[in-house]
$ cat data05.txt   # compact mmCIF, N, CA, C and O atoms
# COMPACT_ATOMS: atom_id res chain seq x y z
N SER A 1 -65.17 -40.62 73.03
CA SER A 1 -63.75 -40.92 73.00
C SER A 1 -63.35 -41.38 71.61
O SER A 1 -64.19 -41.75 70.79
N LYS A 2 -62.06 -41.39 71.37
CA LYS A 2 -61.52 -41.78 70.07
C LYS A 2 -61.82 -43.25 69.77
O LYS A 2 -62.19 -43.60 68.65
N GLU A 3 -61.71 -44.11 70.78
CA GLU A 3 -61.98 -45.54 70.59
C GLU A 3 -63.45 -45.78 70.24
O GLU A 3 -63.77 -46.60 69.39
N LYS A 4 -64.33 -45.07 70.91
CA LYS A 4 -65.76 -45.22 70.66
C LYS A 4 -66.11 -44.79 69.23
O LYS A 4 -66.88 -45.46 68.54
N ARG A 5 -65.52 -43.67 68.77
CA ARG A 5 -65.75 -43.21 67.40
C ARG A 5 -65.24 -44.24 66.39
O ARG A 5 -65.87 -44.50 65.37
N TYR A 6 -64.09 -44.84 66.69
CA TYR A 6 -63.53 -45.85 65.79
C TYR A 6 -64.44 -47.07 65.71
O TYR A 6 -64.70 -47.58 64.61
N VAL A 7 -64.95 -47.52 66.84
CA VAL A 7 -65.86 -48.68 66.86
C VAL A 7 -67.12 -48.35 66.08
O VAL A 7 -67.61 -49.15 65.29
N MET A 8 -67.67 -47.16 66.29
CA MET A 8 -68.88 -46.76 65.57
C MET A 8 -68.62 -46.69 64.07
O MET A 8 -69.43 -47.11 63.26
N TYR A 9 -67.46 -46.15 63.71
CA TYR A 9 -67.09 -46.08 62.29
C TYR A 9 -66.98 -47.48 61.70
O TYR A 9 -67.49 -47.73 60.60
N GLU A 10 -66.34 -48.39 62.40
CA GLU A 10 -66.17 -49.76 61.90
C GLU A 10 -67.52 -50.45 61.72
O GLU A 10 -67.75 -51.15 60.74
N LEU A 11 -68.42 -50.26 62.67
CA LEU A 11 -69.76 -50.86 62.54
C LEU A 11 -70.49 -50.28 61.33
O LEU A 11 -71.12 -51.00 60.56
N TRP A 12 -70.40 -48.96 61.15
CA TRP A 12 -71.03 -48.32 60.00
C TRP A 12 -70.43 -48.85 58.70
O TRP A 12 -71.13 -49.18 57.76
N ARG A 13 -69.09 -48.93 58.64
CA ARG A 13 -68.40 -49.38 57.44
C ARG A 13 -68.80 -50.81 57.07
O ARG A 13 -69.08 -51.11 55.92
N GLN A 14 -68.86 -51.68 58.07
CA GLN A 14 -69.23 -53.07 57.80
C GLN A 14 -70.67 -53.17 57.29
O GLN A 14 -70.96 -53.92 56.35
N ASN A 15 -71.56 -52.42 57.90
CA ASN A 15 -72.96 -52.42 57.47
C ASN A 15 -73.08 -51.86 56.04
O ASN A 15 -73.79 -52.41 55.19
N PHE A 16 -72.38 -50.77 55.77
CA PHE A 16 -72.40 -50.16 54.45
C PHE A 16 -71.84 -51.11 53.41
O PHE A 16 -72.39 -51.27 52.31
N GLU A 17 -70.75 -51.80 53.75
CA GLU A 17 -70.13 -52.76 52.83
C GLU A 17 -71.09 -53.90 52.52
O GLU A 17 -71.19 -54.34 51.37
N LYS A 18 -71.82 -54.38 53.52
CA LYS A 18 -72.80 -55.45 53.29
C LYS A 18 -73.87 -54.99 52.31
O LYS A 18 -74.26 -55.74 51.41
N ARG A 19 -74.35 -53.75 52.47
CA ARG A 19 -75.38 -53.24 51.57
C ARG A 19 -74.85 -53.12 50.14
O ARG A 19 -75.54 -53.44 49.18
N ILE A 20 -73.61 -52.65 50.01
CA ILE A 20 -73.01 -52.52 48.68
C ILE A 20 -72.88 -53.90 48.03
O ILE A 20 -73.18 -54.08 46.86
N ARG A 21 -72.43 -54.88 48.80
CA ARG A 21 -72.27 -56.23 48.25
C ARG A 21 -73.61 -56.82 47.83
O ARG A 21 -73.72 -57.43 46.76
N LYS A 22 -74.64 -56.64 48.65
CA LYS A 22 -75.98 -57.15 48.30
C LYS A 22 -76.48 -56.51 47.02
O LYS A 22 -77.04 -57.18 46.15
N ASP A 23 -76.27 -55.20 46.90
CA ASP A 23 -76.70 -54.48 45.71
C ASP A 23 -75.94 -54.98 44.49
O ASP A 23 -76.53 -55.19 43.42
N ALA A 24 -74.65 -55.21 44.62
CA ALA A 24 -73.84 -55.71 43.50
C ALA A 24 -74.30 -57.10 43.08
O ALA A 24 -74.39 -57.39 41.87
N ILE A 25 -74.60 -57.94 44.04
CA ILE A 25 -75.08 -59.30 43.73
C ILE A 25 -76.42 -59.23 43.00
O ILE A 25 -76.64 -59.92 42.00
N ARG A 26 -77.32 -58.36 43.48
CA ARG A 26 -78.64 -58.21 42.85
C ARG A 26 -78.49 -57.74 41.40
O ARG A 26 -79.13 -58.27 40.49
N LYS A 27 -77.62 -56.77 41.17
CA LYS A 27 -77.41 -56.28 39.80
C LYS A 27 -76.78 -57.35 38.93
O LYS A 27 -77.15 -57.51 37.77
N SER A 28 -75.85 -58.09 39.47
CA SER A 28 -75.19 -59.16 38.73
C SER A 28 -76.20 -60.23 38.33
O SER A 28 -76.16 -60.74 37.20
N GLU A 29 -77.10 -60.57 39.23
CA GLU A 29 -78.13 -61.57 38.93
C GLU A 29 -79.00 -61.10 37.77
O GLU A 29 -79.34 -61.89 36.88
N ARG A 30 -79.37 -59.82 37.75
CA ARG A 30 -80.19 -59.29 36.66
C ARG A 30 -79.46 -59.38 35.32
O ARG A 30 -80.04 -59.74 34.30
N VAL A 31 -78.17 -59.06 35.34
CA VAL A 31 -77.38 -59.12 34.10
C VAL A 31 -77.30 -60.56 33.61
O VAL A 31 -77.50 -60.84 32.42
N ILE A 32 -77.06 -61.50 34.51
CA ILE A 32 -76.96 -62.91 34.13
C ILE A 32 -78.28 -63.41 33.57
O ILE A 32 -78.31 -64.09 32.54
N LYS A 33 -79.39 -63.06 34.23
CA LYS A 33 -80.71 -63.47 33.73
C LYS A 33 -80.96 -62.89 32.33
O LYS A 33 -81.51 -63.56 31.46
N GLY A 34 -80.56 -61.65 32.12
CA GLY A 34 -80.71 -61.03 30.81
C GLY A 34 -79.91 -61.74 29.74
O GLY A 34 -80.39 -61.98 28.64
N LYS A 35 -78.67 -62.12 30.07
CA LYS A 35 -77.82 -62.83 29.11
C LYS A 35 -78.40 -64.20 28.76
O LYS A 35 -78.38 -64.62 27.61
N ILE A 36 -78.93 -64.89 29.75
CA ILE A 36 -79.55 -66.20 29.51
C ILE A 36 -80.77 -66.04 28.60
O ILE A 36 -80.95 -66.79 27.65
N THR A 37 -81.58 -65.03 28.89
CA THR A 37 -82.76 -64.78 28.07
C THR A 37 -82.36 -64.49 26.63
O THR A 37 -82.98 -65.00 25.69
N GLU A 38 -81.31 -63.69 26.44
CA GLU A 38 -80.85 -63.38 25.09
C GLU A 38 -80.47 -64.64 24.33
O GLU A 38 -80.77 -64.78 23.15
N HIS A 39 -79.82 -65.58 25.01
CA HIS A 39 -79.41 -66.82 24.34
C HIS A 39 -80.61 -67.68 23.96
O HIS A 39 -80.59 -68.37 22.94
N LEU A 40 -81.65 -67.67 24.78
CA LEU A 40 -82.77 -68.59 24.59
C LEU A 40 -83.96 -67.98 23.86
O LEU A 40 -84.89 -68.71 23.51
N ILE A 41 -83.94 -66.69 23.62
CA ILE A 41 -85.12 -66.00 23.08
C ILE A 41 -85.62 -66.60 21.77
O ILE A 41 -86.81 -66.60 21.49
N SER A 42 -84.73 -67.14 20.96
CA SER A 42 -85.17 -67.70 19.67
C SER A 42 -86.04 -68.95 19.84
O SER A 42 -86.69 -69.37 18.89
N PHE A 43 -86.07 -69.51 21.03
CA PHE A 43 -86.91 -70.70 21.28
C PHE A 43 -88.21 -70.35 21.99
O PHE A 43 -89.02 -71.23 22.26
N PHE A 44 -88.43 -69.07 22.28
CA PHE A 44 -89.67 -68.64 22.94
C PHE A 44 -90.80 -68.61 21.91
O PHE A 44 -90.57 -68.35 20.72
N PRO A 45 -92.04 -68.86 22.34
CA PRO A 45 -93.18 -68.88 21.40
C PRO A 45 -93.39 -67.55 20.68
O PRO A 45 -93.87 -67.54 19.55
N ASP A 46 -93.03 -66.42 21.29
CA ASP A 46 -93.24 -65.12 20.67
C ASP A 46 -92.20 -64.79 19.60
O ASP A 46 -92.36 -63.82 18.86
N PHE A 47 -91.14 -65.58 19.49
CA PHE A 47 -90.11 -65.33 18.48
C PHE A 47 -90.70 -65.75 17.14
O PHE A 47 -91.02 -66.91 16.93
N ILE A 48 -90.84 -64.80 16.23
CA ILE A 48 -91.61 -65.05 15.00
C ILE A 48 -90.83 -65.74 13.90
O ILE A 48 -91.40 -66.13 12.89
N TYR A 49 -89.52 -65.91 14.09
CA TYR A 49 -88.69 -66.55 13.06
C TYR A 49 -88.37 -67.99 13.46
O TYR A 49 -88.43 -68.35 14.63
N ASN A 50 -88.02 -68.79 12.49
CA ASN A 50 -87.63 -70.17 12.75
C ASN A 50 -86.30 -70.17 13.51
O ASN A 50 -85.32 -69.57 13.04
N PRO A 51 -86.25 -70.79 14.68
CA PRO A 51 -85.00 -70.81 15.45
C PRO A 51 -83.82 -71.39 14.67
O PRO A 51 -82.68 -71.04 14.93
N LYS A 52 -84.10 -72.25 13.69
CA LYS A 52 -83.03 -72.82 12.86
C LYS A 52 -82.35 -71.74 12.01
O LYS A 52 -81.21 -71.91 11.60
N ASP A 53 -83.08 -70.66 11.75
CA ASP A 53 -82.55 -69.58 10.92
C ASP A 53 -81.80 -68.52 11.75
O ASP A 53 -81.17 -67.63 11.17
N ALA A 54 -81.89 -68.60 13.06
CA ALA A 54 -81.30 -67.58 13.94
C ALA A 54 -79.89 -67.99 14.38
O ALA A 54 -79.65 -69.13 14.77
N ARG A 55 -78.97 -67.05 14.30
CA ARG A 55 -77.60 -67.26 14.75
C ARG A 55 -77.30 -66.27 15.86
O ARG A 55 -77.38 -65.06 15.66
N PHE A 56 -76.99 -66.78 17.03
CA PHE A 56 -76.66 -65.92 18.16
C PHE A 56 -75.26 -65.36 17.98
O PHE A 56 -74.31 -66.11 17.78
N ILE A 57 -75.14 -64.05 18.03
CA ILE A 57 -73.84 -63.37 17.90
C ILE A 57 -73.42 -62.84 19.27
O ILE A 57 -72.28 -62.99 19.68
N GLY A 58 -74.35 -62.20 19.98
CA GLY A 58 -74.08 -61.71 21.32
C GLY A 58 -73.62 -60.27 21.39
O GLY A 58 -74.11 -59.50 22.20
N SER A 59 -72.68 -59.89 20.55
CA SER A 59 -72.18 -58.52 20.59
C SER A 59 -71.60 -58.19 19.22
O SER A 59 -70.93 -59.03 18.62
N PRO A 60 -71.85 -57.05 18.67
CA PRO A 60 -72.61 -55.93 19.21
C PRO A 60 -74.12 -56.06 19.04
O PRO A 60 -74.87 -55.22 19.52
N ILE A 61 -74.58 -57.10 18.35
CA ILE A 61 -76.02 -57.40 18.29
C ILE A 61 -76.21 -58.83 18.74
O ILE A 61 -75.26 -59.61 18.79
N ASP A 62 -77.45 -59.18 19.09
CA ASP A 62 -77.68 -60.51 19.63
C ASP A 62 -77.86 -61.59 18.55
O ASP A 62 -77.30 -62.68 18.69
N PHE A 63 -78.63 -61.31 17.54
CA PHE A 63 -78.92 -62.34 16.53
C PHE A 63 -78.83 -61.77 15.12
O PHE A 63 -79.13 -60.60 14.89
N ILE A 64 -78.48 -62.64 14.21
CA ILE A 64 -78.73 -62.42 12.79
C ILE A 64 -79.65 -63.56 12.38
O ILE A 64 -79.37 -64.73 12.65
N VAL A 65 -80.77 -63.22 11.77
CA VAL A 65 -81.73 -64.22 11.33
C VAL A 65 -81.69 -64.27 9.81
O VAL A 65 -81.83 -63.25 9.13
N PHE A 66 -81.47 -65.45 9.29
CA PHE A 66 -81.50 -65.71 7.85
C PHE A 66 -82.87 -66.31 7.56
O PHE A 66 -83.02 -67.53 7.45
N ASP A 67 -83.86 -65.43 7.46
CA ASP A 67 -85.26 -65.84 7.37
C ASP A 67 -85.52 -66.68 6.12
O ASP A 67 -85.34 -66.22 5.00
N GLY A 68 -85.93 -67.92 6.34
CA GLY A 68 -86.28 -68.84 5.26
C GLY A 68 -85.14 -69.74 4.83
O GLY A 68 -85.35 -70.66 4.03
N LEU A 69 -83.93 -69.52 5.33
CA LEU A 69 -82.77 -70.30 4.89
C LEU A 69 -82.95 -71.79 5.15
O LEU A 69 -82.60 -72.62 4.31
N SER A 70 -83.53 -72.15 6.29
CA SER A 70 -83.71 -73.58 6.60
C SER A 70 -84.72 -74.24 5.67
O SER A 70 -84.71 -75.46 5.51
N ASP A 71 -85.58 -73.44 5.03
CA ASP A 71 -86.55 -73.97 4.06
C ASP A 71 -85.99 -73.94 2.64
O ASP A 71 -86.68 -74.34 1.70
N GLY A 72 -84.76 -73.43 2.49
CA GLY A 72 -84.15 -73.36 1.17
C GLY A 72 -84.52 -72.13 0.37
O GLY A 72 -84.25 -72.05 -0.83
N GLU A 73 -85.18 -71.15 1.01
CA GLU A 73 -85.60 -69.95 0.30
C GLU A 73 -85.35 -68.73 1.19
O GLU A 73 -86.22 -68.32 1.97
N LEU A 74 -84.16 -68.17 1.10
CA LEU A 74 -83.81 -67.01 1.92
C LEU A 74 -84.62 -65.80 1.47
O LEU A 74 -84.55 -65.39 0.31
N ARG A 75 -85.44 -65.29 2.40
CA ARG A 75 -86.31 -64.15 2.08
C ARG A 75 -85.68 -62.82 2.49
O ARG A 75 -85.77 -61.83 1.79
N GLN A 76 -85.06 -62.81 3.66
CA GLN A 76 -84.46 -61.59 4.16
C GLN A 76 -83.48 -61.91 5.29
O GLN A 76 -83.51 -63.01 5.84
N ILE A 77 -82.63 -60.95 5.58
CA ILE A 77 -81.69 -61.08 6.69
C ILE A 77 -82.07 -60.01 7.72
O ILE A 77 -82.21 -58.84 7.37
N ILE A 78 -82.25 -60.46 8.96
CA ILE A 78 -82.72 -59.56 10.02
C ILE A 78 -81.67 -59.50 11.12
O ILE A 78 -81.16 -60.52 11.57
N PHE A 79 -81.38 -58.29 11.58
CA PHE A 79 -80.49 -58.08 12.71
C PHE A 79 -81.37 -57.82 13.93
O PHE A 79 -82.25 -56.96 13.88
N ILE A 80 -81.13 -58.56 15.01
CA ILE A 80 -81.98 -58.44 16.21
C ILE A 80 -81.12 -58.15 17.42
O ILE A 80 -80.14 -58.84 17.69
N GLU A 81 -81.55 -57.14 18.17
CA GLU A 81 -80.95 -56.82 19.46
C GLU A 81 -82.04 -57.01 20.50
O GLU A 81 -83.09 -56.37 20.44
N VAL A 82 -81.83 -57.91 21.45
CA VAL A 82 -82.81 -58.22 22.49
C VAL A 82 -82.57 -57.31 23.68
O VAL A 82 -81.44 -57.19 24.15
N LYS A 83 -83.64 -56.69 24.17
CA LYS A 83 -83.56 -55.87 25.37
C LYS A 83 -84.49 -56.49 26.41
O LYS A 83 -85.65 -56.76 26.12
N THR A 84 -83.95 -56.72 27.61
CA THR A 84 -84.73 -57.42 28.63
C THR A 84 -85.14 -56.56 29.80
O THR A 84 -85.82 -57.01 30.69
N GLY A 85 -84.73 -55.32 29.87
CA GLY A 85 -85.09 -54.46 30.99
C GLY A 85 -86.05 -53.37 30.57
O GLY A 85 -86.15 -53.02 29.40
N LYS A 86 -86.75 -52.83 31.55
CA LYS A 86 -87.70 -51.76 31.25
C LYS A 86 -87.00 -50.51 30.76
O LYS A 86 -87.52 -49.76 29.95
N THR A 87 -85.80 -50.27 31.25
CA THR A 87 -85.07 -49.06 30.90
C THR A 87 -83.93 -49.34 29.93
O THR A 87 -83.07 -48.49 29.72
N ALA A 88 -83.92 -50.51 29.33
CA ALA A 88 -82.83 -50.87 28.43
C ALA A 88 -82.86 -50.02 27.18
O ALA A 88 -83.91 -49.75 26.62
N SER A 89 -81.69 -49.58 26.75
CA SER A 89 -81.58 -48.81 25.52
C SER A 89 -80.33 -49.27 24.78
O SER A 89 -79.49 -49.97 25.33
N LEU A 90 -80.23 -48.86 23.53
CA LEU A 90 -79.09 -49.27 22.71
C LEU A 90 -77.81 -48.61 23.22
O LEU A 90 -77.80 -47.43 23.57
N SER A 91 -76.73 -49.39 23.21
CA SER A 91 -75.42 -48.83 23.54
C SER A 91 -74.92 -48.05 22.34
O SER A 91 -75.49 -48.12 21.24
N GLY A 92 -73.83 -47.34 22.51
CA GLY A 92 -73.25 -46.60 21.40
C GLY A 92 -72.89 -47.50 20.24
O GLY A 92 -73.14 -47.16 19.07
N ARG A 93 -72.30 -48.64 20.54
CA ARG A 93 -71.93 -49.59 19.49
C ARG A 93 -73.17 -50.13 18.78
O ARG A 93 -73.17 -50.29 17.55
N GLU A 94 -74.21 -50.42 19.54
CA GLU A 94 -75.45 -50.94 18.94
C GLU A 94 -76.10 -49.88 18.04
O GLU A 94 -76.62 -50.19 16.97
N ARG A 95 -76.05 -48.62 18.47
CA ARG A 95 -76.58 -47.53 17.64
C ARG A 95 -75.80 -47.41 16.33
O ARG A 95 -76.38 -47.15 15.28
N GLN A 96 -74.48 -47.59 16.40
CA GLN A 96 -73.67 -47.53 15.18
C GLN A 96 -74.07 -48.63 14.20
O GLN A 96 -74.17 -48.38 12.99
N VAL A 97 -74.32 -49.83 14.72
CA VAL A 97 -74.77 -50.94 13.85
C VAL A 97 -76.12 -50.59 13.24
O VAL A 97 -76.32 -50.72 12.03
N ARG A 98 -77.04 -50.11 14.07
CA ARG A 98 -78.37 -49.71 13.57
C ARG A 98 -78.25 -48.67 12.47
O ARG A 98 -78.88 -48.77 11.42
N ASP A 99 -77.40 -47.67 12.69
CA ASP A 99 -77.25 -46.59 11.72
C ASP A 99 -76.63 -47.08 10.40
O ASP A 99 -77.06 -46.66 9.33
N CYS A 100 -75.66 -47.97 10.49
CA CYS A 100 -75.07 -48.53 9.26
C CYS A 100 -76.11 -49.30 8.46
O CYS A 100 -76.17 -49.18 7.23
N ILE A 101 -76.93 -50.07 9.16
CA ILE A 101 -77.98 -50.82 8.47
C ILE A 101 -79.00 -49.86 7.86
O ILE A 101 -79.37 -50.01 6.69
N ALA A 102 -79.43 -48.88 8.63
CA ALA A 102 -80.42 -47.92 8.14
C ALA A 102 -79.88 -47.13 6.94
O ALA A 102 -80.64 -46.82 6.01
N ASN A 103 -78.60 -46.84 6.93
CA ASN A 103 -77.99 -46.09 5.83
C ASN A 103 -77.53 -47.01 4.69
O ASN A 103 -76.87 -46.54 3.75
N ARG A 104 -77.84 -48.30 4.80
CA ARG A 104 -77.50 -49.31 3.79
C ARG A 104 -76.00 -49.43 3.55
O ARG A 104 -75.55 -49.68 2.44
N ASN A 105 -75.24 -49.24 4.63
CA ASN A 105 -73.79 -49.44 4.58
C ASN A 105 -73.47 -50.87 5.00
O ASN A 105 -72.71 -51.11 5.93
N VAL A 106 -74.06 -51.82 4.28
CA VAL A 106 -73.91 -53.24 4.59
C VAL A 106 -73.48 -53.94 3.31
O VAL A 106 -74.05 -53.72 2.25
N LYS A 107 -72.46 -54.77 3.42
CA LYS A 107 -72.00 -55.53 2.25
C LYS A 107 -71.91 -56.99 2.61
O LYS A 107 -71.70 -57.36 3.73
$ encode --input "data05.txt" --output "structure tokens"
Amino acid sequence: SKEKRYVMYELWRQNFEKRIRKDAIRKSERVIKGKITEHLISFFPDFIYNPKDARFIGSPIDFIVFDGLSDGELRQIIFIEVKTGKTASLSGRERQVRDCIANRNVK
């Protein structure tokens, strides 16, 4: 009957909506964890530069490191983009920054 089909459709829709919401929450949690990691990465033991020399920018790159500046002897300036996922890759904007640096279009 028409009523039975409507009830079945509503049950399906509610179940589908719950799955979509759970998936969205899971993805959002991953993004938030990645953003937190990006902010804190300069304090991790594997970060090879002095955290005092690192400046978090966030976008379009994560850090600019003024290597040696805190010691009074600037050796080099490093641009760092942190990737926290297995499949993470550079965005179009990040690739443009990389290409400008590689082509020495930096002033």
$ residues_around --input "data05.txt" --residues "Asp71 in chain A" --least-positions-apart "4" --cutoff "12 Å" --atoms "only C-alpha atoms" --output "PDB file with N, CA, C and O atoms, in the coordinates of the input"
ATOM      1  N   TYR A  49     -89.520 -65.910  14.090  1.00  0.00           N
ATOM      2  CA  TYR A  49     -88.690 -66.550  13.060  1.00  0.00           C
ATOM      3  C   TYR A  49     -88.370 -67.990  13.460  1.00  0.00           C
ATOM      4  O   TYR A  49     -88.430 -68.350  14.630  1.00  0.00           O
ATOM      5  N   ASN A  50     -88.020 -68.790  12.490  1.00  0.00           N
ATOM      6  CA  ASN A  50     -87.630 -70.170  12.750  1.00  0.00           C
ATOM      7  C   ASN A  50     -86.300 -70.170  13.510  1.00  0.00           C
ATOM      8  O   ASN A  50     -85.320 -69.570  13.040  1.00  0.00           O
ATOM      9  N   PRO A  51     -86.250 -70.790  14.680  1.00  0.00           N
ATOM     10  CA  PRO A  51     -85.000 -70.810  15.450  1.00  0.00           C
ATOM     11  C   PRO A  51     -83.820 -71.390  14.670  1.00  0.00           C
ATOM     12  O   PRO A  51     -82.680 -71.040  14.930  1.00  0.00           O
ATOM     13  N   LYS A  52     -84.100 -72.250  13.690  1.00  0.00           N
ATOM     14  CA  LYS A  52     -83.030 -72.820  12.860  1.00  0.00           C
ATOM     15  C   LYS A  52     -82.350 -71.740  12.010  1.00  0.00           C
ATOM     16  O   LYS A  52     -81.210 -71.910  11.600  1.00  0.00           O
ATOM     17  N   ASP A  53     -83.080 -70.660  11.750  1.00  0.00           N
ATOM     18  CA  ASP A  53     -82.550 -69.580  10.920  1.00  0.00           C
ATOM     19  C   ASP A  53     -81.800 -68.520  11.750  1.00  0.00           C
ATOM     20  O   ASP A  53     -81.170 -67.630  11.170  1.00  0.00           O
ATOM     21  N   PHE A  66     -81.470 -65.450   9.290  1.00  0.00           N
ATOM     22  CA  PHE A  66     -81.500 -65.710   7.850  1.00  0.00           C
ATOM     23  C   PHE A  66     -82.870 -66.310   7.560  1.00  0.00           C
ATOM     24  O   PHE A  66     -83.020 -67.530   7.450  1.00  0.00           O
ATOM     25  N   ASP A  67     -83.860 -65.430   7.460  1.00  0.00           N
ATOM     26  CA  ASP A  67     -85.260 -65.840   7.370  1.00  0.00           C
ATOM     27  C   ASP A  67     -85.520 -66.680   6.120  1.00  0.00           C
ATOM     28  O   ASP A  67     -85.340 -66.220   5.000  1.00  0.00           O
ATOM     29  N   ARG A  75     -85.440 -65.290   2.400  1.00  0.00           N
ATOM     30  CA  ARG A  75     -86.310 -64.150   2.080  1.00  0.00           C
ATOM     31  C   ARG A  75     -85.680 -62.820   2.490  1.00  0.00           C
ATOM     32  O   ARG A  75     -85.770 -61.830   1.790  1.00  0.00           O
TER      33      ARG A  75
END
$ select_by_dssp --input "data05.txt" --residues "chain A" --states "strand (DSSP E or B)" --output "ChimeraX atom specification"
/A:54-56,63-67,76-80
$ write_last_selection --input "data05.txt" --atoms "N, CA, C and O atoms" --output "short mmCIF file (atom, residue, chain, number, x, y, z; two decimals), in the frame of the given file"
data_model
loop_
_atom_site.label_atom_id
_atom_site.label_comp_id
_atom_site.auth_asym_id
_atom_site.auth_seq_id
_atom_site.Cartn_x
_atom_site.Cartn_y
_atom_site.Cartn_z
N ALA A 54 -81.89 -68.60 13.06
CA ALA A 54 -81.30 -67.58 13.94
C ALA A 54 -79.89 -67.99 14.38
O ALA A 54 -79.65 -69.13 14.77
N ARG A 55 -78.97 -67.05 14.30
CA ARG A 55 -77.60 -67.26 14.75
C ARG A 55 -77.30 -66.27 15.86
O ARG A 55 -77.38 -65.06 15.66
N PHE A 56 -76.99 -66.78 17.03
CA PHE A 56 -76.66 -65.92 18.16
C PHE A 56 -75.26 -65.36 17.98
O PHE A 56 -74.31 -66.11 17.78
N PHE A 63 -78.63 -61.31 17.54
CA PHE A 63 -78.92 -62.34 16.53
C PHE A 63 -78.83 -61.77 15.12
O PHE A 63 -79.13 -60.60 14.89
N ILE A 64 -78.48 -62.64 14.21
CA ILE A 64 -78.73 -62.42 12.79
C ILE A 64 -79.65 -63.56 12.38
O ILE A 64 -79.37 -64.73 12.65
N VAL A 65 -80.77 -63.22 11.77
CA VAL A 65 -81.73 -64.22 11.33
C VAL A 65 -81.69 -64.27 9.81
O VAL A 65 -81.83 -63.25 9.13
N PHE A 66 -81.47 -65.45 9.29
CA PHE A 66 -81.50 -65.71 7.85
C PHE A 66 -82.87 -66.31 7.56
O PHE A 66 -83.02 -67.53 7.45
N ASP A 67 -83.86 -65.43 7.46
CA ASP A 67 -85.26 -65.84 7.37
C ASP A 67 -85.52 -66.68 6.12
O ASP A 67 -85.34 -66.22 5.00
N GLN A 76 -85.06 -62.81 3.66
CA GLN A 76 -84.46 -61.59 4.16
C GLN A 76 -83.48 -61.91 5.29
O GLN A 76 -83.51 -63.01 5.84
N ILE A 77 -82.63 -60.95 5.58
CA ILE A 77 -81.69 -61.08 6.69
C ILE A 77 -82.07 -60.01 7.72
O ILE A 77 -82.21 -58.84 7.37
N ILE A 78 -82.25 -60.46 8.96
CA ILE A 78 -82.72 -59.56 10.02
C ILE A 78 -81.67 -59.50 11.12
O ILE A 78 -81.16 -60.52 11.57
N PHE A 79 -81.38 -58.29 11.58
CA PHE A 79 -80.49 -58.08 12.71
C PHE A 79 -81.37 -57.82 13.93
O PHE A 79 -82.25 -56.96 13.88
N ILE A 80 -81.13 -58.56 15.01
CA ILE A 80 -81.98 -58.44 16.21
C ILE A 80 -81.12 -58.15 17.42
O ILE A 80 -80.14 -58.84 17.69
#
$ atom_distance --input "data05.txt" --atom1 "atom N of Ile78 in chain A" --atom2 "atom N of Val65 in chain A"
4.2 Å
$ closest_residue --input "data05.txt" --among "A:Ser59, A:Ser89, A:Gln14, A:Thr84" --to "Gly34 in chain A" --atoms "only N, CA, C and O atoms"
A:Thr84
$ closest_residue --input "data05.txt" --among "A:Phe44, A:Phe79, A:Arg104, A:Ile36" --to "Phe63 in chain A" --atoms "all atoms listed in the file"
A:Phe79
$ select_by_dssp --input "data05.txt" --residues "chain A" --states "helix (DSSP H, G or I)" --output "count of residues only"
59
$ atom_distance --input "data05.txt" --atom1 "atom C of Ile20 in chain A" --atom2 "atom O of Glu38 in chain A"
28.3 Å
$ atom_distance --input "data05.txt" --atom1 "CA of Lys4 in chain A" --atom2 "CA of Lys22 in chain A"
27.3 Å
$ closest_residue --input "data05.txt" --among "A:Asp23, A:Glu94, A:Glu3, A:Asp62" --to "Ile80 in chain A" --atoms "only N, CA, C and O atoms"
A:Asp62
$ closest_residue --input "data05.txt" --among "A:Lys83, A:Pro60, A:Phe43, A:Arg19" --to "Val97 in chain A" --atoms "only C-alpha atoms"
A:Pro60
$ axis_aligned_box --input "data05.txt" --around "range 69-72 of chain A" --padding-each-side "6 Å" --output "lines of an AutoDock Vina configuration file"
center_x = -84.6
center_y = -72.5
center_z = 2.9
size_x = 16.1
size_y = 17.9
size_z = 19.4
